[in-house]
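Below is one structure, written out as structure tokens; comments come after it.
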Amino acid sequence: MSTTSRPGDAGGSGPLWALRDTQAMAVRNLRRLTRQPEQIVFNLISPIMFVLLFRYVFGGAIQGLEDLDYVNYLIPGIAVQTVLFSAGVTGFALAEDMQKGFVDRLRSLPMSRSAVFGGRVYADSINNAVGLGILVATGFAVGFRPSDPFGLLLAMLLLLLFALAVSLGYALIGLTVRSAEAVNAATFPIIFPLTFASSAFVPVETMPDWLQGFATHQPVSVVINAARSLILGDDVTAPQREFLLAGQDTTSLVLQSLAWTLGIALVFGLLCTRKYRSLSR
């Protein structure tokens with residue numbers, strides 16, 4: 001295969017070619033991760049710290065859960081927070097590759113344009129799955145008890161799909177700013193309010209009236225409530241569902257969360273492809 005094609009040309013066509021290139025990039029990124037033990041340690045420790053902090057430091061001060069055990073309320077919120085922050089690795093790594101000229105070298109090769117950020121998202125999704133598994137295991141150690149094991153698996157899958165969609169947003173930022181420090185500066189003001197102005201740690205009903213509308217309908221709260229409803233299942237009483245889940249049933253919440261996830265993935269996936277193509281000109 002010749003490597004003398006002009007920059008930006010694809011080496012083949014069709015989804016199978018793109019998938020092969022994406023897999024090759026994902027393997028490269030996973031191998032690179034194994035050479036960064038400090039990042040692996042952070043991914044292992046971070047979810048454990050958040051669970052212990054909110055369970056034992058703040059948990060006693062959280063009231064108004066309609067007799068629901070706070071640890072069962074907490075774990076779905078911490079899970080979404082974990083995948084949101086872990087997804088940021090996508091943007092940081094892409095910005096670093098841009099800064100070091102690695103992406104410039106890839107653009108001279110006959111490969112799928114989408115494989116650069118697709119492989120990054122693929123590898124980081126595996127990383128997110130490991131972090132999520134550690135978080136759930138820590139939750140079990142501190143008293144978390146889901147009523148429906150199958151619902152827990154569905155909730156984890158839903159969270160990983162949401163993390164994948166958010167990773168594409170981070171990827172767009174990484175391709176745009178080209179600096180890991182700038183990625184952090186650009187994403188923190190967005191992720192921080194979406195995480196804490198949500199139903200992750202306290203019921204939306206306890207927030208000021210002017211904030212409740214945003215906190216109820218923004219995507220992070222929708223995904224958290226869907227995961228929470230799947231995990232708790234029939235153990236959620238009618239008053240708890242009305243107060244904690246805005247009175248919505250599980251099916252409605254899951255469909256809303258999937259709609260948000262699909263919308264975010266489509267928008268940022270197209271923008272990432274467009275941005276990468278513009279870099280190849």
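Order determines the names: the first chain of the structure tokens is A, the second B, and so forth; residues in each chain are numbered 1 upward, and ligands are numbered 1 upward as they are shown.
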Quick one: contact table of stretch 142-167 of chain A to stretch 225-245 of chain A, 7 Å max, nearest atom pair and distance in Å to one decimal per residue, counting only C-alpha atoms, chain and number order, as JSON lines?
{"residue": "A:Pro146", "atom": "CA", "partner": "A:Ile231", "partner_atom": "CA", "distance": 5.3}
{"residue": "A:Ser147", "atom": "CA", "partner": "A:Leu232", "partner_atom": "CA", "distance": 5.2}
{"residue": "A:Asp148", "atom": "CA", "partner": "A:Ile231", "partner_atom": "CA", "distance": 5.8}
{"residue": "A:Gly151", "atom": "CA", "partner": "A:Leu230", "partner_atom": "CA", "distance": 4.7}
{"residue": "A:Leu152", "atom": "CA", "partner": "A:Ile231", "partner_atom": "CA", "distance": 4.8}
{"residue": "A:Ala155", "atom": "CA", "partner": "A:Ala227", "partner_atom": "CA", "distance": 4.7}
Go ahead and write the residues just picked, N, CA and C atoms, as a short mmCIF file (atom, residue, chain, number, x, y, z; two decimals), in the first residue's frame.
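Written file, again12.cif:
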data_model
loop_
_atom_site.label_atom_id
_atom_site.label_comp_id
_atom_site.auth_asym_id
_atom_site.auth_seq_id
_atom_site.Cartn_x
_atom_site.Cartn_y
_atom_site.Cartn_z
N PRO A 146 -28.67 -2.49 44.89
CA PRO A 146 -29.67 -2.35 43.82
C PRO A 146 -30.75 -3.41 43.96
N SER A 147 -31.97 -3.03 43.64
CA SER A 147 -33.06 -3.99 43.77
C SER A 147 -33.15 -4.91 42.56
N ASP A 148 -32.56 -4.50 41.43
CA ASP A 148 -32.66 -5.27 40.19
C ASP A 148 -31.29 -5.38 39.55
N GLY A 151 -31.34 -4.52 35.98
CA GLY A 151 -31.49 -3.07 35.84
C GLY A 151 -30.16 -2.36 36.04
N LEU A 152 -29.33 -2.88 36.96
CA LEU A 152 -28.00 -2.30 37.18
C LEU A 152 -27.14 -2.43 35.93
N ALA A 155 -28.35 0.02 33.39
CA ALA A 155 -27.96 1.37 33.78
C ALA A 155 -26.49 1.63 33.44
#
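The environment of A:Ile62 within 10 Å, counting only C-alpha atoms and disregarding residues fewer than 6 places along the same chain, consists of Phe54, Arg55, Tyr70, Phe201, Val202 and Pro203 of chain A.
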Using only C-alpha atoms, find each residue of stretch 128-167 of chain A with at least one atom at most 10 Å away from an atom of stretch 257-280 of chain A; report its shortest atom-to-atom pair and that distance in Å (one decimal), sort the rows by chain and rising residue number, and return the result as a tab-separated table.
residue	atom	partner	partner_atom	distance
A:Leu158	CA	A:Leu258	CA	7.7
A:Leu159	CA	A:Ser257	CA	9.4
A:Leu161	CA	A:Thr261	CA	7.0
A:Phe162	CA	A:Thr261	CA	5.3
A:Ala163	CA	A:Thr261	CA	8.6
A:Leu164	CA	A:Ala265	CA	7.6
A:Ala165	CA	A:Ala265	CA	4.3
A:Val166	CA	A:Ile264	CA	7.0
A:Ser167	CA	A:Ala265	CA	8.6
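Compared by their closest atoms to A:Ile48, and using only C-alpha atoms, the residues A:Leu106, A:Thr34, A:Gly139, A:Asp97 rank with A:Gly139 nearest.
Our summary of the geometry notes that atom CA of A:Gly174 is positioned 8.1 Å from atom CA of A:Glu96.
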- Item | Long-range neighbours of stretch 212-217 of chain A as a PyMOL selection string, 10 Å cut-off, only C-alpha atoms, 3 positions minimum in chain | chain A and resi 193-200+203-209+220-223+225+245-246+256
- May I ask for the distance between atom CA of A:Val136 and atom CA of A:Ile75, given in Å to one decimal place? 7.4 Å
- Write out as a list in words the residues lying within 10 Å of A:Gly88, counting only C-alpha atoms and excluding same-chain residues fewer than 4 positions away. Val83, Leu84, Phe92, Ala93, Asp124, Ala163, Val166, Ser167, Leu168, Gly169, Tyr170, Ala171, Ile173, Gly174, Val183, Asn184, Thr187, Phe188 and Ile191 of chain A
Same residues, C-alpha atoms, output as a compact mmCIF listing (two decimals), in the first residue's frame:
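Result file follows (part.txt):
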# COMPACT_ATOMS: atom_id res chain seq x y z
CA VAL A 83 -17.97 8.93 33.38
CA LEU A 84 -18.27 12.66 32.66
CA PHE A 92 -6.72 15.92 26.72
CA ALA A 93 -5.10 13.10 24.74
CA ASP A 124 -11.46 5.76 26.50
CA ALA A 163 -19.93 8.78 28.20
CA VAL A 166 -19.76 13.18 25.72
CA SER A 167 -16.31 11.96 24.66
CA LEU A 168 -17.05 13.21 21.16
CA GLY A 169 -17.66 16.66 22.64
CA TYR A 170 -14.31 16.52 24.40
CA ALA A 171 -12.74 15.31 21.15
CA ILE A 173 -12.52 20.64 21.98
CA GLY A 174 -9.22 18.74 21.83
CA VAL A 183 -9.08 21.64 27.18
CA ASN A 184 -9.36 21.73 30.95
CA THR A 187 -14.57 22.04 29.66
CA PHE A 188 -14.61 22.72 33.40
CA ILE A 191 -19.16 20.10 33.11
- Query: Using the chain letters and numbers from this document, which residues of stretch 26-114 of chain A does DSSP assign to alpha helix (DSSP H), as JSON, numbers by chain?
  - Reply: {"A": [26, 27, 28, 29, 30, 31, 32, 33, 34, 37, 38, 39, 40, 41, 42, 43, 44, 45, 46, 47, 48, 49, 50, 51, 52, 70, 71, 72, 73, 74, 75, 76, 77, 78, 79, 80, 81, 82, 83, 84, 85, 86, 87, 88, 89, 90, 91, 92, 93, 94, 95, 96, 97, 98, 99, 102, 103, 104, 105, 106, 107]}
- Task: Go ahead and compute the interatomic distance for atom CA of A:Val130 and atom CA of A:Trp17, in Å to one decimal.
- Result: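 It comes out at 27.8 Å.
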